[in-house]
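Next up, run27.cif (mmCIF, C-alpha atoms and all ligand atoms):
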data_data
loop_
_atom_site.label_atom_id
_atom_site.label_comp_id
_atom_site.auth_asym_id
_atom_site.auth_seq_id
_atom_site.Cartn_x
_atom_site.Cartn_y
_atom_site.Cartn_z
CA MET Q 1 65.09 83.10 81.92
CA SER Q 2 67.87 85.37 83.12
CA ASP Q 3 70.15 86.68 80.35
CA ILE Q 4 73.22 86.61 82.58
CA ALA Q 5 73.81 84.85 85.89
CA VAL Q 6 76.78 86.22 87.84
CA VAL Q 7 78.09 83.74 90.42
CA GLY Q 8 79.62 85.71 93.32
CA GLY Q 9 78.78 89.10 94.79
CA GLY Q 10 82.18 90.54 95.72
CA VAL Q 11 83.53 93.72 94.09
CA ILE Q 12 84.19 91.81 90.87
CA GLY Q 13 80.80 90.11 90.53
CA LEU Q 14 78.93 93.28 91.51
CA ALA Q 15 80.96 95.48 89.15
CA VAL Q 16 80.38 93.06 86.27
CA ALA Q 17 76.64 92.76 87.05
CA ARG Q 18 76.31 96.55 87.15
CA SER Q 19 78.01 97.02 83.76
CA CYS Q 20 76.02 94.23 82.12
CA ALA Q 21 72.76 95.73 83.45
CA ALA Q 22 73.84 99.14 82.09
CA ALA Q 23 74.27 97.47 78.68
CA GLY Q 24 70.64 96.35 78.83
CA ALA Q 25 71.00 92.75 80.03
CA ASP Q 26 68.69 91.04 82.50
CA VAL Q 27 71.17 90.12 85.27
CA THR Q 28 70.93 87.89 88.37
CA VAL Q 29 73.66 87.69 91.02
CA LEU Q 30 73.90 84.47 93.05
CA ASP Q 31 75.60 84.69 96.43
CA ARG Q 32 74.50 83.43 99.85
CA ALA Q 33 76.34 86.36 101.47
CA PRO Q 34 77.36 89.16 99.09
CA ILE Q 35 80.43 91.19 100.12
CA SER Q 36 81.60 88.55 102.58
CA GLY Q 37 84.81 87.57 100.78
CA ALA Q 38 88.18 89.24 100.20
CA SER Q 39 86.45 92.45 99.10
CA SER Q 40 85.32 93.09 102.69
CA VAL Q 41 88.89 92.70 104.00
CA ALA Q 42 91.09 94.41 101.39
CA ALA Q 43 93.20 97.48 102.13
CA GLY Q 44 91.99 99.23 98.98
CA MET Q 45 95.30 100.45 97.63
CA LEU Q 46 95.03 101.27 93.95
CA ALA Q 47 98.67 100.58 93.32
CA PRO Q 48 99.61 99.65 89.74
CA VAL Q 49 103.14 100.98 90.18
CA THR Q 50 104.05 99.87 93.71
CA GLU Q 51 102.54 96.42 93.03
CA LEU Q 52 104.74 96.05 89.92
CA HIS Q 53 106.86 92.89 89.87
CA TYR Q 54 109.49 91.86 87.34
CA GLY Q 55 107.98 89.81 84.52
CA GLU Q 56 104.44 91.15 84.99
CA ARG Q 57 104.34 93.71 82.12
CA ALA Q 58 100.93 92.67 80.77
CA LEU Q 59 99.50 92.89 84.27
CA LEU Q 60 101.05 96.33 84.71
CA GLN Q 61 99.27 97.54 81.56
CA LEU Q 62 95.94 96.18 82.80
CA ASN Q 63 96.49 97.68 86.27
CA LEU Q 64 97.36 101.08 84.75
CA GLU Q 65 94.31 100.97 82.50
CA SER Q 66 92.04 100.27 85.45
CA ALA Q 67 93.75 102.90 87.64
CA ALA Q 68 93.15 105.49 84.90
CA MET Q 69 89.44 104.57 84.86
CA PHE Q 70 89.00 104.61 88.63
CA GLY Q 71 88.27 108.29 89.37
CA GLY Q 72 85.57 108.56 86.71
CA TRP Q 73 84.11 105.16 87.57
CA VAL Q 74 83.68 105.85 91.30
CA GLY Q 75 82.54 109.42 90.56
CA GLU Q 76 79.61 108.04 88.54
CA LEU Q 77 78.91 105.42 91.19
CA GLU Q 78 78.84 108.02 93.98
CA ARG Q 79 76.58 110.38 92.00
CA GLU Q 80 74.22 107.56 91.09
CA THR Q 81 73.87 106.10 94.60
CA GLY Q 82 74.58 109.10 96.82
CA LEU Q 83 77.07 106.88 98.70
CA ARG Q 84 80.75 107.56 99.44
CA THR Q 85 83.46 105.14 98.32
CA GLY Q 86 86.38 106.71 100.16
CA TYR Q 87 88.32 107.24 96.91
CA ARG Q 88 91.37 109.43 97.62
CA GLU Q 89 94.23 110.48 95.37
CA THR Q 90 96.79 110.15 98.15
CA ASP Q 91 100.01 109.05 96.33
CA THR Q 92 102.30 106.38 97.76
CA ILE Q 93 105.77 106.60 99.26
CA MET Q 94 107.93 103.45 99.16
CA VAL Q 95 110.49 103.52 101.95
CA ALA Q 96 113.66 101.61 102.87
CA ALA Q 97 114.45 100.99 106.55
CA ASP Q 98 118.14 100.06 106.10
CA ALA Q 99 120.98 100.09 103.57
CA ASP Q 100 120.09 96.69 102.04
CA GLU Q 101 116.47 97.69 101.54
CA ASN Q 102 117.64 101.00 100.07
CA ALA Q 103 119.80 99.19 97.51
CA ALA Q 104 116.85 96.96 96.58
CA LEU Q 105 114.58 100.02 96.35
CA ALA Q 106 117.07 101.70 93.99
CA GLU Q 107 116.75 98.67 91.69
CA VAL Q 108 112.97 98.87 91.81
CA TRP Q 109 113.10 102.60 91.04
CA ARG Q 110 115.39 101.99 88.02
CA PHE Q 111 112.96 99.35 86.73
CA GLN Q 112 109.94 101.63 87.26
CA SER Q 113 111.77 104.55 85.58
CA SER Q 114 112.71 102.38 82.59
CA LEU Q 115 108.96 101.95 82.01
CA ASP Q 116 108.35 105.73 82.23
CA LEU Q 117 106.27 105.37 85.38
CA PRO Q 118 105.70 108.53 87.50
CA VAL Q 119 108.32 107.85 90.21
CA GLU Q 120 110.76 110.12 92.02
CA ARG Q 121 113.77 108.95 94.06
CA LEU Q 122 114.10 110.63 97.48
CA LYS Q 123 116.76 110.68 100.19
CA GLY Q 124 115.70 109.77 103.76
CA ALA Q 125 115.54 113.41 104.85
CA GLU Q 126 113.45 114.36 101.79
CA ALA Q 127 111.04 111.54 102.59
CA ARG Q 128 110.73 112.77 106.19
CA SER Q 129 110.06 116.31 105.05
CA LEU Q 130 107.02 114.95 103.16
CA GLU Q 131 106.00 112.56 105.93
CA PRO Q 132 107.39 113.76 109.29
CA ALA Q 133 106.11 110.64 111.11
CA LEU Q 134 108.58 108.41 109.23
CA SER Q 135 111.31 106.92 111.40
CA PRO Q 136 114.77 108.59 111.39
CA ARG Q 137 115.99 105.12 110.30
CA VAL Q 138 114.39 105.53 106.84
CA ARG Q 139 117.34 105.64 104.43
CA GLY Q 140 115.65 106.40 101.15
CA ALA Q 141 112.32 106.40 99.37
CA VAL Q 142 110.49 106.48 96.05
CA LEU Q 143 107.49 108.78 95.65
CA VAL Q 144 104.84 107.26 93.36
CA ARG Q 145 102.34 109.83 92.14
CA GLY Q 146 99.75 107.59 90.48
CA ASP Q 147 98.97 105.14 93.31
CA HIS Q 148 95.82 106.03 95.24
CA GLN Q 149 93.22 104.33 97.46
CA VAL Q 150 89.54 103.55 98.00
CA GLU Q 151 87.63 101.97 100.92
CA PRO Q 152 86.64 98.53 99.61
CA ARG Q 153 83.69 97.99 101.97
CA LEU Q 154 82.19 101.36 100.99
CA LEU Q 155 82.90 100.65 97.33
CA ALA Q 156 81.19 97.26 97.54
CA ASP Q 157 78.14 98.78 99.30
CA ALA Q 158 77.87 101.41 96.56
CA LEU Q 159 78.15 98.74 93.85
CA LEU Q 160 75.40 96.72 95.53
CA ALA Q 161 73.15 99.80 95.71
CA SER Q 162 73.88 100.64 92.07
CA CYS Q 163 73.07 97.09 90.96
CA ARG Q 164 69.70 97.35 92.73
CA LEU Q 165 69.01 100.72 91.10
CA ARG Q 166 69.81 99.19 87.72
CA GLY Q 167 67.38 96.30 88.22
CA VAL Q 168 69.84 93.48 88.97
CA SER Q 169 68.13 90.58 90.83
CA PHE Q 170 69.77 88.79 93.75
CA ILE Q 171 69.40 85.17 94.86
CA ALA Q 172 70.73 84.45 98.35
CA ASP Q 173 72.21 81.06 97.55
CA HIS Q 174 75.47 79.58 96.34
CA ALA Q 175 75.99 77.90 92.98
CA ALA Q 176 76.60 74.16 93.26
CA SER Q 177 77.42 73.62 89.60
CA VAL Q 178 77.23 75.17 86.16
CA GLU Q 179 75.01 73.36 83.68
CA SER Q 180 75.57 73.05 79.94
CA ILE Q 181 73.91 71.32 77.02
CA ALA Q 182 75.88 70.36 73.91
CA GLY Q 183 78.79 72.65 74.78
CA ARG Q 184 76.61 75.67 75.55
CA VAL Q 185 75.91 76.94 79.06
CA SER Q 186 72.28 76.59 80.14
CA GLY Q 187 72.21 77.73 83.78
CA VAL Q 188 73.30 77.14 87.34
CA THR Q 189 72.23 74.56 89.91
CA LEU Q 190 71.84 76.01 93.40
CA ARG Q 191 73.20 74.48 96.61
CA SER Q 192 69.79 74.49 98.27
CA GLY Q 193 68.31 72.64 95.28
CA GLY Q 194 66.65 73.93 92.13
CA GLY Q 195 68.40 76.17 89.72
CA ILE Q 196 68.14 79.06 87.32
CA ARG Q 197 68.42 79.11 83.56
CA ALA Q 198 70.69 81.65 81.90
CA SER Q 199 72.11 82.14 78.44
CA ALA Q 200 75.43 83.33 79.93
CA VAL Q 201 77.10 82.61 83.26
CA VAL Q 202 79.94 84.68 84.73
CA ILE Q 203 82.07 82.98 87.40
CA ALA Q 204 83.17 85.61 89.92
CA ALA Q 205 83.29 83.62 93.16
CA GLY Q 206 86.84 84.62 94.12
CA TYR Q 207 89.11 81.89 95.49
CA ALA Q 208 86.09 79.53 95.79
CA SER Q 209 85.40 79.63 92.02
CA ALA Q 210 87.19 76.32 91.48
CA ASP Q 211 84.91 74.62 94.05
CA ILE Q 212 81.91 75.03 91.76
CA GLY Q 213 80.99 71.69 90.21
CA GLY Q 214 82.61 71.08 86.84
CA LEU Q 215 85.01 74.02 87.04
CA GLU Q 216 87.83 72.61 89.16
CA PRO Q 217 89.92 71.37 86.20
CA LEU Q 218 89.37 74.62 84.29
CA LEU Q 219 89.98 77.28 86.93
CA ARG Q 220 93.53 77.51 88.25
CA VAL Q 221 92.65 79.59 91.29
CA ARG Q 222 93.62 79.04 94.95
CA ALA Q 223 93.22 80.80 98.31
CA VAL Q 224 96.09 83.06 99.46
CA LYS Q 225 95.42 84.27 102.98
CA GLY Q 226 96.01 87.89 103.98
CA GLN Q 227 95.71 89.45 107.44
CA LEU Q 228 95.59 93.16 108.16
CA LEU Q 229 94.90 95.59 110.99
CA GLU Q 230 92.94 98.79 111.38
CA LEU Q 231 94.30 101.36 113.84
CA ALA Q 232 92.90 104.76 114.85
CA SER Q 233 94.51 107.86 116.31
CA PRO Q 234 92.86 108.96 119.58
CA ASP Q 235 92.26 112.54 118.36
CA GLY Q 236 91.23 111.69 114.79
CA SER Q 237 94.33 113.27 113.22
CA ASP Q 238 96.27 111.65 110.36
CA LEU Q 239 99.69 110.24 111.18
CA VAL Q 240 100.66 110.04 107.51
CA GLN Q 241 99.15 111.71 104.44
CA ARG Q 242 100.21 109.16 101.82
CA ASN Q 243 100.18 105.37 101.54
CA VAL Q 244 103.49 104.19 103.01
CA ARG Q 245 104.97 100.97 101.67
CA GLY Q 246 107.91 99.26 103.31
CA HIS Q 247 109.60 96.00 102.41
CA ASP Q 248 107.26 93.82 104.52
CA VAL Q 249 104.36 96.07 105.41
CA TYR Q 250 102.20 98.91 104.10
CA LEU Q 251 100.19 101.65 105.80
CA VAL Q 252 97.11 103.19 104.21
CA PRO Q 253 95.65 106.35 105.82
CA ARG Q 254 91.86 106.63 105.96
CA VAL Q 255 89.71 109.66 106.74
CA GLY Q 256 89.23 110.42 110.44
CA GLY Q 257 92.68 109.31 111.57
CA ARG Q 258 92.22 105.62 110.80
CA LEU Q 259 95.17 103.65 109.42
CA ILE Q 260 95.26 100.25 107.69
CA VAL Q 261 98.37 98.14 108.34
CA GLY Q 262 98.77 95.20 105.99
CA ALA Q 263 99.19 92.54 104.96
CA THR Q 264 100.43 89.00 105.30
CA VAL Q 265 100.65 86.73 102.24
CA GLU Q 266 100.16 83.12 103.33
CA GLU Q 267 99.55 79.91 101.38
CA ARG Q 268 96.67 78.98 103.67
CA SER Q 269 92.90 78.81 103.33
CA ASP Q 270 91.64 79.53 106.88
CA LYS Q 271 90.40 82.95 107.97
CA MET Q 272 91.82 82.95 111.52
CA VAL Q 273 93.56 86.07 112.78
CA THR Q 274 96.80 84.90 114.39
CA ALA Q 275 98.79 86.52 117.19
CA GLY Q 276 101.98 86.02 115.15
CA ALA Q 277 100.63 88.01 112.20
CA VAL Q 278 99.39 90.84 114.42
CA PHE Q 279 102.82 90.93 116.09
CA ASP Q 280 104.72 90.95 112.76
CA LEU Q 281 102.53 93.65 111.22
CA LEU Q 282 102.76 95.94 114.25
CA ARG Q 283 106.53 95.42 114.62
CA ASP Q 284 107.22 96.12 110.93
CA ALA Q 285 104.89 99.14 110.85
CA HIS Q 286 106.41 100.50 114.07
CA GLU Q 287 109.89 100.34 112.51
CA LEU Q 288 108.74 102.65 109.72
CA VAL Q 289 106.32 104.90 111.63
CA PRO Q 290 106.98 104.71 115.41
CA GLY Q 291 103.95 106.91 116.18
CA ILE Q 292 101.60 103.98 115.55
CA GLY Q 293 102.40 102.90 119.12
CA GLU Q 294 100.02 105.62 120.36
CA MET Q 295 97.12 104.45 118.19
CA THR Q 296 94.28 102.14 119.20
CA LEU Q 297 93.84 98.74 117.58
CA VAL Q 298 90.33 98.82 116.14
CA GLU Q 299 90.15 95.61 114.15
CA ALA Q 300 92.22 92.69 112.89
CA ARG Q 301 90.84 90.75 109.93
CA ALA Q 302 91.77 87.99 107.53
CA GLY Q 303 90.62 87.24 104.00
CA LEU Q 304 91.40 84.91 101.13
CA ARG Q 305 92.74 86.38 97.90
CA PRO Q 306 92.04 84.50 94.66
CA GLY Q 307 95.59 83.57 93.57
CA THR Q 308 96.63 82.11 90.19
CA PRO Q 309 99.82 80.38 88.96
CA ASP Q 310 101.19 83.58 87.31
CA ASN Q 311 99.48 86.17 89.60
CA GLY Q 312 97.40 87.45 86.66
CA PRO Q 313 93.57 87.35 86.72
CA LEU Q 314 91.46 84.84 84.79
CA LEU Q 315 89.33 86.92 82.41
CA GLY Q 316 87.37 85.77 79.41
CA ALA Q 317 85.54 83.02 77.62
CA THR Q 318 85.96 79.29 78.15
CA GLU Q 319 85.47 76.28 75.89
CA ILE Q 320 81.82 76.16 76.99
CA ASP Q 321 79.84 78.75 74.98
CA GLY Q 322 78.43 81.44 77.24
CA LEU Q 323 80.56 80.48 80.26
CA VAL Q 324 82.79 83.42 81.13
CA VAL Q 325 85.31 83.80 83.95
CA ALA Q 326 86.16 86.92 85.98
CA THR Q 327 88.29 85.89 88.93
CA GLY Q 328 91.88 85.29 90.11
CA HIS Q 329 92.56 88.99 90.76
CA PHE Q 330 94.90 88.09 93.64
CA ARG Q 331 96.33 91.28 95.25
CA ASN Q 332 94.62 93.70 92.82
CA GLY Q 333 90.93 92.85 92.66
CA VAL Q 334 89.77 96.20 93.95
CA LEU Q 335 92.03 98.07 91.54
CA LEU Q 336 90.98 95.86 88.62
CA ALA Q 337 87.21 96.11 89.20
CA PRO Q 338 86.50 98.86 86.58
CA VAL Q 339 88.49 97.32 83.74
CA THR Q 340 87.13 93.85 84.54
CA ALA Q 341 83.53 95.11 84.55
CA GLN Q 342 83.93 96.99 81.27
CA SER Q 343 85.77 94.17 79.51
CA ILE Q 344 83.47 91.36 80.58
CA ALA Q 345 80.36 93.39 79.68
CA GLU Q 346 81.89 94.08 76.25
CA LEU Q 347 82.78 90.41 75.76
CA LEU Q 348 79.24 89.35 76.64
CA SER Q 349 77.59 91.90 74.36
CA SER Q 350 79.92 91.65 71.35
CA GLY Q 351 81.33 88.12 71.66
CA ARG Q 352 84.87 89.51 71.38
CA ALA Q 353 87.33 89.93 74.23
CA PRO Q 354 88.85 93.44 74.32
CA GLU Q 355 92.60 93.54 73.58
CA SER Q 356 93.65 94.36 77.14
CA ILE Q 357 92.25 91.16 78.67
CA ARG Q 358 93.46 88.76 76.00
CA PRO Q 359 96.70 87.90 77.85
CA PHE Q 360 94.54 86.82 80.79
CA SER Q 361 92.44 84.12 79.15
CA PRO Q 362 91.43 81.48 81.70
CA LEU Q 363 92.59 78.93 79.12
CA ARG Q 364 96.25 80.12 79.11
CA PHE Q 365 97.54 77.38 81.41
CA GLU Q 366 98.01 73.78 80.30
CA LYS Q 367 95.03 72.29 78.55
CA VAL Q 368 92.74 70.26 80.78
CA GLU Q 369 89.55 68.34 80.19
CA VAL Q 370 86.38 70.10 81.34
CA GLU Q 371 83.39 68.09 82.53
CA ALA Q 372 80.31 69.07 80.58
C1 LIG L 401 94.44 91.31 103.30
C2 LIG L 401 94.09 91.67 101.89
C3 LIG L 401 94.46 92.91 101.39
C4 LIG L 401 94.15 93.26 100.07
N1 LIG L 401 94.47 94.50 99.64
C5 LIG L 401 94.13 94.86 98.37
C6 LIG L 401 94.43 96.16 97.92
O1 LIG L 401 94.98 96.97 98.66
N2 LIG L 401 94.08 96.50 96.64
C7 LIG L 401 93.46 95.61 95.81
O2 LIG L 401 93.18 95.98 94.66
N3 LIG L 401 93.17 94.36 96.21
C8 LIG L 401 93.49 93.96 97.47
N4 LIG L 401 93.22 92.71 97.91
C9 LIG L 401 92.69 91.73 96.94
C10 LIG L 401 91.20 91.87 96.74
O3 LIG L 401 90.56 91.85 98.00
C11 LIG L 401 90.67 90.72 95.89
O4 LIG L 401 91.43 90.56 94.72
C12 LIG L 401 89.21 91.02 95.49
O5 LIG L 401 88.46 91.37 96.63
C13 LIG L 401 88.59 89.85 94.79
O6 LIG L 401 87.23 90.16 94.62
P1 LIG L 401 86.21 89.04 94.17
O7 LIG L 401 84.90 89.70 94.00
O8 LIG L 401 86.78 88.29 93.02
O9 LIG L 401 86.21 87.98 95.37
P2 LIG L 401 85.54 88.07 96.82
O10 LIG L 401 85.50 89.42 97.36
O11 LIG L 401 86.22 87.00 97.62
O12 LIG L 401 84.03 87.66 96.55
C14 LIG L 401 83.66 86.38 96.15
C15 LIG L 401 82.18 86.22 96.46
O13 LIG L 401 81.78 84.95 95.91
C16 LIG L 401 80.88 84.34 96.80
N5 LIG L 401 80.90 82.90 96.53
C17 LIG L 401 81.84 81.98 96.83
N6 LIG L 401 81.45 80.76 96.37
C18 LIG L 401 80.27 80.94 95.74
C19 LIG L 401 79.37 80.06 95.07
N7 LIG L 401 79.61 78.75 94.93
N8 LIG L 401 78.23 80.58 94.56
C20 LIG L 401 77.95 81.92 94.68
N9 LIG L 401 78.77 82.79 95.31
C21 LIG L 401 79.90 82.30 95.83
C22 LIG L 401 81.37 84.71 98.20
O14 LIG L 401 80.31 84.64 99.15
C23 LIG L 401 81.87 86.14 97.97
O15 LIG L 401 80.88 87.10 98.30
C24 LIG L 401 93.48 92.33 99.22
C25 LIG L 401 93.08 91.10 99.74
C26 LIG L 401 93.37 90.77 101.06
C27 LIG L 401 92.90 89.44 101.60
#

As structure tokens:
Amino acid sequence: MSDIAVVGGGVIGLAVARSCAAAGADVTVLDRAPISGASSVAAGMLAPVTELHYGERALLQLNLESAAMFGGWVGELERETGLRTGYRETDTIMVAADADENAALAEVWRFQSSLDLPVERLKGAEARSLEPALSPRVRGAVLVRGDHQVEPRLLADALLASCRLRGVSFIADHAASVESIAGRVSGVTLRSGGGIRASAVVIAAGYASADIGGLEPLLRVRAVKGQLLELASPDGSDLVQRNVRGHDVYLVPRVGGRLIVGATVEERSDKMVTAGAVFDLLRDAHELVPGIGEMTLVEARAGLRPGTPDNGPLLGATEIDGLVVATGHFRNGVLLAPVTAQSIAELLSSGRAPESIRPFSPLRFEKVEVEA
């Protein structure tokens, strides 16, 4: 019998499995195709401050906590596996392309400053002196010192390697349903038939978590499509040094002159790359950084974020003993991987949810009946 079955092998499931194995548990990850979900598409911005939205204070705290853990967490992962994760402390510059956007950015800056976040207001010329590739149209900017980046595919590969080193088992199959007896979880039934027994089950199947039998009424998670592009400079030089975030688009520089341009936010559940999205992303990015016109288009990809009604993740215990949820990370699943892993491992070993994840109980929405 497996102590803990983790359903889903994206960054969240793998990070949780790794932490539980480190705490001494016997862990099995179920996934027909690990690292095939949103984690293989994401831009990898670690952006607690630039992702801040009004009314999301609890989420800001969680995002900041995870951002503070990130450097140490990936450092250990890289040492342990010998693999790179592409973690870079690059800072972010938020830019306004016209007077209206500049007025809106001033509001955002006031809000960020009121929360004592590390932000600095810049004039257009000051922004261009930091990032000469910015368009002369840029009217103003906010420099955000704490927002960094990682390469999600590299991170996920390192997590997978670390899980293997720590003795985590993998089953290449999907979960069809979660089984319970008298209100206590007993295991997982597999899609190909058969099943595994487990004394605890962690649901980390991203947007598809609600498709698992018996969970649909409990898990308020849906697919939110995102498309992004990868460009490369012909000579391998960097066009920008920092993450650049405009009103409708962001640019994330990668080593070797690569540049991520993202991302659409669409209430759809297909993974098609559309001509319209590629056009919009390139047009909006070109307005901010005209030099992208000289770059090559390396890849266009689409993924499905796990969205929730209030944009916060679903983290914690359910009404079924031993059934724990770690999903719904929406736009911040890469950023939130360390704090999710630590918190869920602590919940499973101590039975108590750490303070920081309590606002994100999967039971916080209206009460619904759960099939047992
Ligand atoms: C375009 C785009 C840009 C993004 N940019 C960022 C960013 O810059 N920063 C950031 O922090 N986040 C970003 N995100 C969000 C981030 O990608 C997600 O929040 C995160 O990847 C969620 O990870 P996950 O492990 O929960 O889900 P996923 O990565 O989707 O993994 C879920 C896994 O579950 C498996 N699965 C599904 N059903 C089952 C089943 N029944 N049984 C077993 N396994 C199953 C799948 O095969 C998959 O491997 C972005 C997302 C997109 C789409």

When you count all atoms listed in the file, which of these residues is closest to Ile203 (chain Q): Q:Val7, Q:Ala38, Q:Leu117, Q:Val255?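 Once distances to Ile203 (chain Q) are computed over all atoms listed in the file, the minimum belongs to Q:Val7.
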
Counting all atoms listed in the file, the residue among Q:Ala232, Q:Leu288, Q:Ala103, Q:Ala302 that lies closest to Ser40 (chain Q) is Q:Ala302

Å distance separating CA of Val324 (chain Q) from CA of Leu219 (chain Q), one decimal place: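 Distance reported for this atom pair: 11.1 Å.
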
Option closest in space to ligand LIG 401 (chain L), from Q:Thr264, Q:Ser180, Q:Thr50, Q:Ser199 [counting only C-alpha atoms and all ligand atoms]: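 Smallest distance to ligand LIG 401 (chain L) is found for Q:Thr264.
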
Nearby residues (all atoms listed in the file) at most 9 Å from region 266-282 of chain Q, same-chain spacing under 2 positions excluded, as a VMD selection string: chain Q and resid 222 to 229 248 to 250 261 to 264 284 to 287 292 to 293 300 to 304

Using only C-alpha atoms, which residue out of Q:Asp3, Q:Asp31, Q:Asp26, Q:Asp157 lies closest to Phe170 (chain Q)? Q:Asp31

Just want the 9 Å neighbourhood of region 208-210 of chain Q, counted on all atoms listed in the file, with same-chain residues fewer than 4 positions away dropped. Output as a PDB file with C-alpha atoms, in the coordinates of the input.
ATOM      1  CA  VAL Q   7      78.090  83.740  90.420  1.00  0.00           C
ATOM      2  CA  GLY Q   8      79.620  85.710  93.320  1.00  0.00           C
ATOM      3  CA  ILE Q 203      82.070  82.980  87.400  1.00  0.00           C
ATOM      4  CA  ALA Q 204      83.170  85.610  89.920  1.00  0.00           C
ATOM      5  CA  GLY Q 214      82.610  71.080  86.840  1.00  0.00           C
ATOM      6  CA  LEU Q 215      85.010  74.020  87.040  1.00  0.00           C
ATOM      7  CA  GLU Q 216      87.830  72.610  89.160  1.00  0.00           C
ATOM      8  CA  PRO Q 217      89.920  71.370  86.200  1.00  0.00           C
ATOM      9  CA  LEU Q 218      89.370  74.620  84.290  1.00  0.00           C
ATOM     10  CA  LEU Q 219      89.980  77.280  86.930  1.00  0.00           C
ATOM     11  CA  ARG Q 220      93.530  77.510  88.250  1.00  0.00           C
ATOM     12  CA  VAL Q 221      92.650  79.590  91.290  1.00  0.00           C
ATOM     13  CA  ARG Q 222      93.620  79.040  94.950  1.00  0.00           C
ATOM     14  CA  ALA Q 223      93.220  80.800  98.310  1.00  0.00           C
ATOM     15  CA  PRO Q 306      92.040  84.500  94.660  1.00  0.00           C
ATOM     16  CA  THR Q 327      88.290  85.890  88.930  1.00  0.00           C
ATOM     17  CA  GLY Q 328      91.880  85.290  90.110  1.00  0.00           C
TER      18      GLY Q 328
END

With distances taken over all atoms listed in the file, which of Q:Arg331, Q:Asp91, Q:Ala125, Q:Glu346 is nearest to Ala22 (chain Q)? Q:Glu346
